[in-house]
file query-v9.pdb (PDB, C-alpha atoms, pLDDT in the B column)
ATOM      1  CA  MET N 274      94.417  55.063  78.261  1.00 51.00           C
ATOM      2  CA  ASN N 275      91.364  55.084  75.992  1.00 59.00           C
ATOM      3  CA  ALA N 276      90.585  58.124  73.859  1.00 59.00           C
ATOM      4  CA  PRO N 277      87.328  59.843  74.775  1.00 59.00           C
ATOM      5  CA  ALA N 278      84.318  58.985  72.661  1.00 60.00           C
ATOM      6  CA  PRO N 279      83.780  61.482  69.836  1.00 60.00           C
ATOM      7  CA  LEU N 280      80.818  63.782  69.812  1.00 61.00           C
ATOM      8  CA  PRO N 281      77.831  62.609  67.762  1.00 67.00           C
ATOM      9  CA  PRO N 282      77.278  64.083  64.270  1.00 81.00           C
ATOM     10  CA  PHE N 283      76.560  67.801  64.313  1.00 91.00           C
ATOM     11  CA  PRO N 284      73.183  68.323  65.998  1.00 94.00           C
ATOM     12  CA  VAL N 285      70.838  70.675  64.172  1.00 96.00           C
ATOM     13  CA  LEU N 286      68.414  72.136  66.720  1.00 97.00           C
ATOM     14  CA  GLU N 287      65.185  74.062  66.208  1.00 97.00           C
ATOM     15  CA  THR N 288      63.262  76.495  68.368  1.00 98.00           C
ATOM     16  CA  PRO N 289      60.025  78.293  67.537  1.00 98.00           C
ATOM     17  CA  ARG N 290      61.904  81.053  65.673  1.00 98.00           C
ATOM     18  CA  LEU N 291      65.379  79.662  65.004  1.00 98.00           C
ATOM     19  CA  VAL N 292      67.385  76.937  63.342  1.00 98.00           C
ATOM     20  CA  LEU N 293      70.675  76.226  65.102  1.00 98.00           C
ATOM     21  CA  ARG N 294      73.050  74.711  62.577  1.00 97.00           C
ATOM     22  CA  GLU N 295      76.721  74.133  61.921  1.00 95.00           C
ATOM     23  CA  ILE N 296      78.867  77.188  61.198  1.00 95.00           C
ATOM     24  CA  VAL N 297      80.205  77.050  57.633  1.00 94.00           C
ATOM     25  CA  PRO N 298      82.723  79.160  55.680  1.00 93.00           C
ATOM     26  CA  ALA N 299      79.867  81.014  53.945  1.00 95.00           C
ATOM     27  CA  ASP N 300      79.025  82.499  57.379  1.00 96.00           C
ATOM     28  CA  ALA N 301      82.303  84.443  57.450  1.00 95.00           C
ATOM     29  CA  PRO N 302      80.846  87.788  56.233  1.00 96.00           C
ATOM     30  CA  ALA N 303      78.145  87.719  58.929  1.00 96.00           C
ATOM     31  CA  LEU N 304      80.723  86.725  61.563  1.00 95.00           C
ATOM     32  CA  PHE N 305      82.896  89.627  60.453  1.00 95.00           C
ATOM     33  CA  GLY N 306      79.910  91.960  60.749  1.00 94.00           C
ATOM     34  CA  ILE N 307      79.549  90.990  64.410  1.00 94.00           C
ATOM     35  CA  HIS N 308      83.130  90.316  65.504  1.00 91.00           C
ATOM     36  CA  GLY N 309      84.629  93.169  63.488  1.00 89.00           C
ATOM     37  CA  ASP N 310      82.768  95.787  65.538  1.00 89.00           C
ATOM     38  CA  ALA N 311      85.255  96.525  68.339  1.00 86.00           C
ATOM     39  CA  ALA N 312      82.818  98.601  70.399  1.00 86.00           C
ATOM     40  CA  TYR N 313      80.053  95.992  70.198  1.00 84.00           C
ATOM     41  CA  MET N 314      82.414  93.099  71.013  1.00 83.00           C
ATOM     42  CA  ARG N 315      84.266  94.895  73.837  1.00 82.00           C
ATOM     43  CA  TRP N 316      83.190  92.281  76.396  1.00 80.00           C
ATOM     44  CA  PHE N 317      83.476  89.161  74.248  1.00 83.00           C
ATOM     45  CA  GLY N 318      86.881  88.146  75.577  1.00 78.00           C
ATOM     46  CA  SER N 319      89.008  88.361  72.451  1.00 80.00           C
ATOM     47  CA  GLU N 320      90.291  90.932  70.019  1.00 81.00           C
ATOM     48  CA  SER N 321      87.824  92.173  67.410  1.00 83.00           C
ATOM     49  CA  LEU N 322      88.407  90.922  63.875  1.00 89.00           C
ATOM     50  CA  ARG N 323      90.444  93.279  61.716  1.00 91.00           C
ATOM     51  CA  VAL N 324      90.029  91.870  58.190  1.00 92.00           C
ATOM     52  CA  PRO N 325      87.421  89.596  56.556  1.00 92.00           C
ATOM     53  CA  ASP N 326      89.887  86.676  56.374  1.00 92.00           C
ATOM     54  CA  ASP N 327      89.922  86.661  60.184  1.00 92.00           C
ATOM     55  CA  ALA N 328      86.245  85.659  60.083  1.00 93.00           C
ATOM     56  CA  ILE N 329      87.080  82.597  57.978  1.00 93.00           C
ATOM     57  CA  LYS N 330      89.601  81.569  60.633  1.00 93.00           C
ATOM     58  CA  LEU N 331      86.995  82.158  63.357  1.00 91.00           C
ATOM     59  CA  ALA N 332      84.479  79.937  61.526  1.00 92.00           C
ATOM     60  CA  GLU N 333      87.156  77.236  61.247  1.00 91.00           C
ATOM     61  CA  MET N 334      88.034  77.594  64.926  1.00 89.00           C
ATOM     62  CA  PHE N 335      84.393  77.200  66.005  1.00 90.00           C
ATOM     63  CA  ALA N 336      84.009  74.141  63.733  1.00 88.00           C
ATOM     64  CA  GLY N 337      87.261  72.703  65.094  1.00 86.00           C
ATOM     65  CA  TRP N 338      85.967  72.702  68.667  1.00 86.00           C
ATOM     66  CA  ARG N 339      84.282  69.354  68.048  1.00 85.00           C
ATOM     67  CA  SER N 340      87.636  67.627  67.489  1.00 85.00           C
ATOM     68  CA  LEU N 341      89.460  68.999  70.548  1.00 84.00           C
ATOM     69  CA  PRO N 342      90.371  66.719  73.491  1.00 85.00           C
ATOM     70  CA  ASN N 343      87.941  68.806  75.605  1.00 85.00           C
ATOM     71  CA  PRO N 344      85.425  69.419  72.819  1.00 87.00           C
ATOM     72  CA  GLY N 345      82.597  71.810  72.328  1.00 91.00           C
ATOM     73  CA  THR N 346      79.878  72.674  69.869  1.00 94.00           C
ATOM     74  CA  ARG N 347      79.190  76.142  68.480  1.00 95.00           C
ATOM     75  CA  TRP N 348      75.972  76.721  66.552  1.00 97.00           C
ATOM     76  CA  ALA N 349      75.094  79.332  63.949  1.00 97.00           C
ATOM     77  CA  LEU N 350      71.800  81.009  64.849  1.00 98.00           C
ATOM     78  CA  GLU N 351      69.554  81.528  61.849  1.00 98.00           C
ATOM     79  CA  LEU N 352      65.976  82.781  61.694  1.00 98.00           C
ATOM     80  CA  LYS N 353      63.655  80.121  60.283  1.00 97.00           C
ATOM     81  CA  ASP N 354      62.220  82.458  57.669  1.00 92.00           C
ATOM     82  CA  THR N 355      65.458  84.280  56.743  1.00 94.00           C
ATOM     83  CA  PRO N 356      68.666  82.498  55.747  1.00 93.00           C
ATOM     84  CA  GLY N 357      71.926  83.754  57.214  1.00 96.00           C
ATOM     85  CA  LEU N 358      73.810  83.758  60.493  1.00 97.00           C
ATOM     86  CA  ILE N 359      72.604  86.305  63.058  1.00 98.00           C
ATOM     87  CA  GLY N 360      74.797  85.106  65.926  1.00 97.00           C
ATOM     88  CA  THR N 361      76.466  82.086  67.459  1.00 97.00           C
ATOM     89  CA  ALA N 362      76.209  80.236  70.741  1.00 97.00           C
ATOM     90  CA  GLY N 363      77.587  77.077  72.185  1.00 96.00           C
ATOM     91  CA  VAL N 364      79.331  75.094  74.843  1.00 97.00           C
ATOM     92  CA  PHE N 365      83.045  74.364  74.986  1.00 94.00           C
ATOM     93  CA  GLY N 366      85.872  73.203  77.227  1.00 93.00           C
ATOM     94  CA  TRP N 367      84.002  70.008  78.125  1.00 93.00           C
ATOM     95  CA  HIS N 368      85.670  68.535  81.208  1.00 94.00           C
ATOM     96  CA  ARG N 369      84.235  65.036  80.912  1.00 93.00           C
ATOM     97  CA  ALA N 370      85.507  63.777  84.270  1.00 95.00           C
ATOM     98  CA  TRP N 371      83.992  66.726  86.101  1.00 96.00           C
ATOM     99  CA  HIS N 372      80.795  66.785  83.989  1.00 97.00           C
ATOM    100  CA  LYS N 373      81.078  70.495  83.215  1.00 97.00           C
ATOM    101  CA  CYS N 374      81.707  72.947  80.385  1.00 97.00           C
ATOM    102  CA  LEU N 375      81.610  76.667  79.564  1.00 97.00           C
ATOM    103  CA  THR N 376      79.163  78.592  77.424  1.00 97.00           C
ATOM    104  CA  GLY N 377      79.622  81.593  75.151  1.00 96.00           C
ATOM    105  CA  PHE N 378      77.367  83.524  72.796  1.00 96.00           C
ATOM    106  CA  GLU N 379      76.881  86.671  70.722  1.00 95.00           C
ATOM    107  CA  ILE N 380      74.185  88.071  68.437  1.00 96.00           C
ATOM    108  CA  ASP N 381      74.213  90.869  65.896  1.00 95.00           C
ATOM    109  CA  LYS N 382      72.935  94.289  66.917  1.00 94.00           C
ATOM    110  CA  ALA N 383      69.842  94.084  64.709  1.00 95.00           C
ATOM    111  CA  HIS N 384      68.540  91.033  66.597  1.00 97.00           C
ATOM    112  CA  ALA N 385      69.636  91.883  70.158  1.00 95.00           C
ATOM    113  CA  GLY N 386      66.954  92.349  72.803  1.00 94.00           C
ATOM    114  CA  GLN N 387      64.336  90.146  71.091  1.00 96.00           C
ATOM    115  CA  GLY N 388      64.721  87.043  73.282  1.00 97.00           C
ATOM    116  CA  LEU N 389      66.379  85.073  70.479  1.00 98.00           C
ATOM    117  CA  MET N 390      69.531  84.251  72.442  1.00 98.00           C
ATOM    118  CA  ARG N 391      67.491  83.040  75.401  1.00 98.00           C
ATOM    119  CA  GLU N 392      65.538  80.807  73.006  1.00 98.00           C
ATOM    120  CA  ALA N 393      68.740  79.482  71.415  1.00 98.00           C
ATOM    121  CA  LEU N 394      70.503  78.837  74.722  1.00 98.00           C
ATOM    122  CA  GLY N 395      67.442  77.014  76.039  1.00 97.00           C
ATOM    123  CA  ALA N 396      67.703  74.500  73.185  1.00 98.00           C
ATOM    124  CA  ILE N 397      71.489  74.285  73.517  1.00 98.00           C
ATOM    125  CA  PHE N 398      71.363  73.647  77.256  1.00 98.00           C
ATOM    126  CA  ASP N 399      68.599  71.026  76.872  1.00 97.00           C
ATOM    127  CA  TRP N 400      70.806  69.240  74.313  1.00 96.00           C
ATOM    128  CA  SER N 401      73.979  69.678  76.376  1.00 95.00           C
ATOM    129  CA  PHE N 402      72.590  68.352  79.658  1.00 96.00           C
ATOM    130  CA  ALA N 403      71.011  65.375  77.863  1.00 94.00           C
ATOM    131  CA  THR N 404      73.846  64.491  75.463  1.00 92.00           C
ATOM    132  CA  MET N 405      77.014  65.422  77.343  1.00 92.00           C
ATOM    133  CA  ALA N 406      75.987  64.096  80.783  1.00 92.00           C
ATOM    134  CA  LEU N 407      76.742  67.496  82.288  1.00 96.00           C
ATOM    135  CA  ASN N 408      76.106  68.512  85.847  1.00 97.00           C
ATOM    136  CA  ARG N 409      77.254  72.107  85.356  1.00 98.00           C
ATOM    137  CA  ILE N 410      77.529  74.807  82.704  1.00 98.00           C
ATOM    138  CA  GLU N 411      79.670  77.831  83.514  1.00 98.00           C
ATOM    139  CA  ALA N 412      79.630  81.356  82.129  1.00 98.00           C
ATOM    140  CA  GLN N 413      82.244  84.023  82.680  1.00 97.00           C
ATOM    141  CA  ILE N 414      80.850  87.475  81.923  1.00 97.00           C
ATOM    142  CA  HIS N 415      82.421  90.915  82.065  1.00 96.00           C
ATOM    143  CA  PRO N 416      81.007  92.865  85.047  1.00 97.00           C
ATOM    144  CA  ASP N 417      79.866  95.716  82.769  1.00 95.00           C
ATOM    145  CA  ASN N 418      78.029  93.416  80.337  1.00 95.00           C
ATOM    146  CA  LEU N 419      74.674  93.913  82.016  1.00 95.00           C
ATOM    147  CA  ALA N 420      72.611  92.400  79.198  1.00 94.00           C
ATOM    148  CA  SER N 421      74.510  89.090  79.271  1.00 96.00           C
ATOM    149  CA  ARG N 422      74.469  88.990  83.050  1.00 97.00           C
ATOM    150  CA  ALA N 423      70.687  89.505  83.061  1.00 97.00           C
ATOM    151  CA  LEU N 424      70.268  86.801  80.415  1.00 97.00           C
ATOM    152  CA  ALA N 425      72.354  84.341  82.440  1.00 97.00           C
ATOM    153  CA  GLU N 426      70.253  85.011  85.527  1.00 97.00           C
ATOM    154  CA  ARG N 427      66.975  84.594  83.572  1.00 96.00           C
ATOM    155  CA  LEU N 428      68.292  81.214  82.411  1.00 97.00           C
ATOM    156  CA  GLY N 429      68.895  80.142  86.018  1.00 96.00           C
ATOM    157  CA  PHE N 430      72.632  80.781  86.384  1.00 98.00           C
ATOM    158  CA  LYS N 431      73.784  81.783  89.863  1.00 98.00           C
ATOM    159  CA  GLU N 432      76.488  84.375  90.391  1.00 98.00           C
ATOM    160  CA  GLU N 433      79.389  82.718  92.212  1.00 98.00           C
ATOM    161  CA  GLY N 434      82.066  85.375  92.476  1.00 98.00           C
ATOM    162  CA  LEU N 435      84.540  87.609  90.714  1.00 98.00           C
ATOM    163  CA  LEU N 436      87.549  86.210  88.855  1.00 97.00           C
ATOM    164  CA  ARG N 437      90.045  89.042  89.164  1.00 97.00           C
ATOM    165  CA  GLU N 438      91.984  89.932  85.993  1.00 97.00           C
ATOM    166  CA  VAL N 439      91.369  86.473  84.530  1.00 95.00           C
ATOM    167  CA  GLY N 440      90.925  87.736  80.965  1.00 93.00           C
ATOM    168  CA  PHE N 441      93.297  89.631  78.703  1.00 94.00           C
ATOM    169  CA  TRP N 442      92.182  91.349  75.498  1.00 89.00           C
ATOM    170  CA  ALA N 443      92.362  94.780  73.895  1.00 88.00           C
ATOM    171  CA  GLY N 444      95.655  95.352  75.715  1.00 90.00           C
ATOM    172  CA  ALA N 445      94.187  95.105  79.224  1.00 93.00           C
ATOM    173  CA  TYR N 446      93.385  92.593  81.953  1.00 96.00           C
ATOM    174  CA  HIS N 447      89.693  92.136  82.729  1.00 95.00           C
ATOM    175  CA  ASP N 448      87.759  90.814  85.687  1.00 97.00           C
ATOM    176  CA  LEU N 449      84.964  88.350  84.894  1.00 97.00           C
ATOM    177  CA  VAL N 450      81.948  87.380  86.963  1.00 98.00           C
ATOM    178  CA  GLN N 451      81.712  83.607  87.392  1.00 98.00           C
ATOM    179  CA  TYR N 452      78.244  82.062  86.941  1.00 98.00           C
ATOM    180  CA  GLY N 453      77.166  78.444  87.282  1.00 98.00           C
ATOM    181  CA  LEU N 454      74.083  76.570  86.128  1.00 98.00           C
ATOM    182  CA  LEU N 455      73.520  73.146  87.681  1.00 98.00           C
ATOM    183  CA  ARG N 456      71.564  70.338  86.071  1.00 97.00           C
ATOM    184  CA  ARG N 457      69.126  70.228  88.998  1.00 96.00           C
ATOM    185  CA  ASP N 458      68.416  73.951  88.594  1.00 94.00           C
ATOM    186  CA  TRP N 459      67.934  73.591  84.830  1.00 96.00           C
ATOM    187  CA  LEU N 460      65.551  70.662  85.180  1.00 91.00           C
ATOM    188  CA  ALA N 461      63.515  72.291  87.969  1.00 86.00           C
ATOM    189  CA  PRO N 462      60.394  74.235  86.914  1.00 70.00           C
ATOM    190  CA  ARG N 463      61.793  77.434  85.469  1.00 57.00           C
ATOM    191  CA  ARG N 464      62.076  79.936  82.669  1.00 49.00           C
ATOM    192  CA  ALA N 465      58.694  81.577  83.056  1.00 47.00           C
TER     193      ALA N 465
END
call {"tool": "encode", "arguments": {"input": "query-v9.pdb", "output": "structure tokens"}}
result
Amino acid sequence: MNAPAPLPPFPVLETPRLVLREIVPADAPALFGIHGDAAYMRWFGSESLRVPDDAIKLAEMFAGWRSLPNPGTRWALELKDTPGLIGTAGVFGWHRAWHKCLTGFEIDKAHAGQGLMREALGAIFDWSFATMALNRIEAQIHPDNLASRALAERLGFKEEGLLREVGFWAGAYHDLVQYGLLRRDWLAPRRA
């Protein structure tokens, strides 16, 4: 059996306000600032970071996605006029045979609600549908995470159902709402 083709070199993407670049160890303090806030990250799907060294491991994990058998790419979001990570977003769990993957994202509190994540995900999904030959991108979002659910719907995702107690973090099982975005929906006139 042949090994799957590797992903191309890390793709730096640009939007009107952002540069989407590779996550590097120097991003660990900013990652800790986001992922260390347990209340803010309550719907992310994993435990909040407890010590700064955990952020170094998180940066390494995100970078390591590109070498997994079912790879992914996670970008650092950086404002064009201000260096430094303000969030991350990406696609992962690429099921090549089924032409699908998952998406995940987070942004720091100071930049939430400004349309930056929508801008970033637009560039990421354009790249993903074109480069990875995807037919589908999935998102699994906590039912109470109204901001992420609204963002997914603005991007064209359709709610498909409730995955009961599919997640486990912070000592509890969590339901997640399943969303799907199909290539034909993404390529249709949209995103007004």
call {"tool": "resolve_selection", "arguments": {"input": "query-v9.pdb", "expression": "the PyMOL selection byres ((chain N and resi 395-402) around 8)", "output": "list of chain:residue names"}}
result
N:Leu286, N:Glu287, N:Thr288, N:Gly363, N:Val364, N:Arg391, N:Glu392, N:Ala393, N:Leu394, N:Ala403, N:Thr404, N:Met405, N:Ala406, N:Leu407, N:Asn408, N:Leu428, N:Arg456
call {"tool": "residues_near_point", "arguments": {"input": "query-v9.pdb", "point": "(73.4, 78.4, 88.1)", "cutoff": "9 Å", "atoms": "all atoms listed in the file", "output": "compact mmCIF listing (two decimals) with C-alpha atoms, in the frame of the given file"}}
result
# COMPACT_ATOMS: atom_id res chain seq x y z
CA ARG N 409 77.25 72.11 85.36
CA ILE N 410 77.53 74.81 82.70
CA GLU N 411 79.67 77.83 83.51
CA ALA N 425 72.35 84.34 82.44
CA GLU N 426 70.25 85.01 85.53
CA LEU N 428 68.29 81.21 82.41
CA GLY N 429 68.90 80.14 86.02
CA PHE N 430 72.63 80.78 86.38
CA LYS N 431 73.78 81.78 89.86
CA GLU N 432 76.49 84.38 90.39
CA GLU N 433 79.39 82.72 92.21
CA TYR N 452 78.24 82.06 86.94
CA GLY N 453 77.17 78.44 87.28
CA LEU N 454 74.08 76.57 86.13
CA LEU N 455 73.52 73.15 87.68
CA ARG N 456 71.56 70.34 86.07
CA ASP N 458 68.42 73.95 88.59
CA TRP N 459 67.93 73.59 84.83
call {"tool": "residues_around", "arguments": {"input": "query-v9.pdb", "residues": "Ile307 in chain N", "least_positions_apart": "5", "cutoff": "9 Å", "atoms": "all atoms listed in the file", "output": "list in words"}}
result
Pro302, Tyr313, Met314, Ser321, Leu322, Ile359, Gly360, Glu379, Ile380, Asp381 and Lys382 of chain N
call {"tool": "resolve_selection", "arguments": {"input": "query-v9.pdb", "expression": "the PyMOL selection byres ((chain N and resi 284) around 9)", "output": "PyMOL selection string"}}
result
chain N and resi 281-283+285-286+293-295+346+348+400
call {"tool": "write_last_selection", "arguments": {"input": "query-v9.pdb", "atoms": "C-alpha atoms", "output": "short mmCIF file (atom, residue, chain, number, x, y, z; two decimals), keeping the file's coordinate frame"}}
result
data_model
loop_
_atom_site.label_atom_id
_atom_site.label_comp_id
_atom_site.auth_asym_id
_atom_site.auth_seq_id
_atom_site.Cartn_x
_atom_site.Cartn_y
_atom_site.Cartn_z
CA PRO N 281 77.83 62.61 67.76
CA PRO N 282 77.28 64.08 64.27
CA PHE N 283 76.56 67.80 64.31
CA VAL N 285 70.84 70.68 64.17
CA LEU N 286 68.41 72.14 66.72
CA LEU N 293 70.68 76.23 65.10
CA ARG N 294 73.05 74.71 62.58
CA GLU N 295 76.72 74.13 61.92
CA THR N 346 79.88 72.67 69.87
CA TRP N 348 75.97 76.72 66.55
CA TRP N 400 70.81 69.24 74.31
#
call {"tool": "atom_distance", "arguments": {"input": "query-v9.pdb", "atom1": "CA of Leu358 in chain N", "atom2": "CA of His384 in chain N"}}
result
10.9 Å
call {"tool": "closest_residue", "arguments": {"input": "query-v9.pdb", "among": "N:Glu333, N:Glu351, N:Glu320, N:Asp300", "to": "Trp442 in chain N", "atoms": "only C-alpha atoms"}}
result
N:Glu320
call {"tool": "closest_residue", "arguments": {"input": "query-v9.pdb", "among": "N:Gly434, N:Pro298, N:Gly388, N:Gly440", "to": "Ala420 in chain N", "atoms": "all atoms listed in the file"}}
result
N:Gly388
call {"tool": "atom_distance", "arguments": {"input": "query-v9.pdb", "atom1": "CA of Lys353 in chain N", "atom2": "CA of Ala385 in chain N"}}
result
16.5 Å
call {"tool": "atom_distance", "arguments": {"input": "query-v9.pdb", "atom1": "CA of Arg339 in chain N", "atom2": "CA of Trp371 in chain N"}}
result
18.2 Å
call {"tool": "residues_around", "arguments": {"input": "query-v9.pdb", "residues": "Tyr446 in chain N", "least_positions_apart": "5", "cutoff": "12 Å", "atoms": "all atoms listed in the file", "output": "number ranges by chain"}}
result
N: 316, 318-319, 415, 436-441
call {"tool": "write_last_selection", "arguments": {"input": "query-v9.pdb", "atoms": "C-alpha atoms", "output": "CSV table (one decimal), in the frame of the given file"}}
result
chain,number,residue,atom,x,y,z
N,316,TRP,CA,83.2,92.3,76.4
N,318,GLY,CA,86.9,88.1,75.6
N,319,SER,CA,89.0,88.4,72.5
N,415,HIS,CA,82.4,90.9,82.1
N,436,LEU,CA,87.5,86.2,88.9
N,437,ARG,CA,90.0,89.0,89.2
N,438,GLU,CA,92.0,89.9,86.0
N,439,VAL,CA,91.4,86.5,84.5
N,440,GLY,CA,90.9,87.7,81.0
N,441,PHE,CA,93.3,89.6,78.7
call {"tool": "decode", "arguments": {"input": "query-v9.pdb", "residues": "range 360-390 of chain N", "atoms": "C-alpha atoms", "output": "tab-separated table (two decimals), in the first residue's frame"}}
result
chain	number	residue	atom	x	y	z
N	360	GLY	CA	-5.72	33.21	17.44
N	361	THR	CA	-5.46	30.01	15.45
N	362	ALA	CA	-7.64	28.22	12.94
N	363	GLY	CA	-7.30	25.24	10.71
N	364	VAL	CA	-8.46	21.97	9.29
N	365	PHE	CA	-7.54	18.53	10.60
N	366	GLY	CA	-8.46	14.86	10.53
N	367	TRP	CA	-8.28	14.77	6.72
N	368	HIS	CA	-10.05	11.61	5.57
N	369	ARG	CA	-8.60	11.49	2.06
N	370	ALA	CA	-10.78	8.64	0.80
N	371	TRP	CA	-13.95	10.39	1.91
N	372	HIS	CA	-12.75	13.88	0.86
N	373	LYS	CA	-13.57	15.45	4.22
N	374	CYS	CA	-11.98	17.00	7.30
N	375	LEU	CA	-12.84	18.91	10.48
N	376	THR	CA	-12.26	22.54	11.34
N	377	GLY	CA	-11.42	24.25	14.63
N	378	PHE	CA	-10.61	27.81	15.65
N	379	GLU	CA	-10.20	30.28	18.51
N	380	ILE	CA	-9.31	33.96	18.85
N	381	ASP	CA	-8.24	36.05	21.82
N	382	LYS	CA	-10.85	38.11	23.65
N	383	ALA	CA	-9.43	41.43	22.46
N	384	HIS	CA	-10.07	40.55	18.81
N	385	ALA	CA	-13.36	38.63	19.11
N	386	GLY	CA	-16.43	40.03	17.38
N	387	GLN	CA	-14.51	41.96	14.69
N	388	GLY	CA	-15.06	39.54	11.79
N	389	LEU	CA	-11.42	38.44	11.81
N	390	MET	CA	-12.17	34.74	12.25
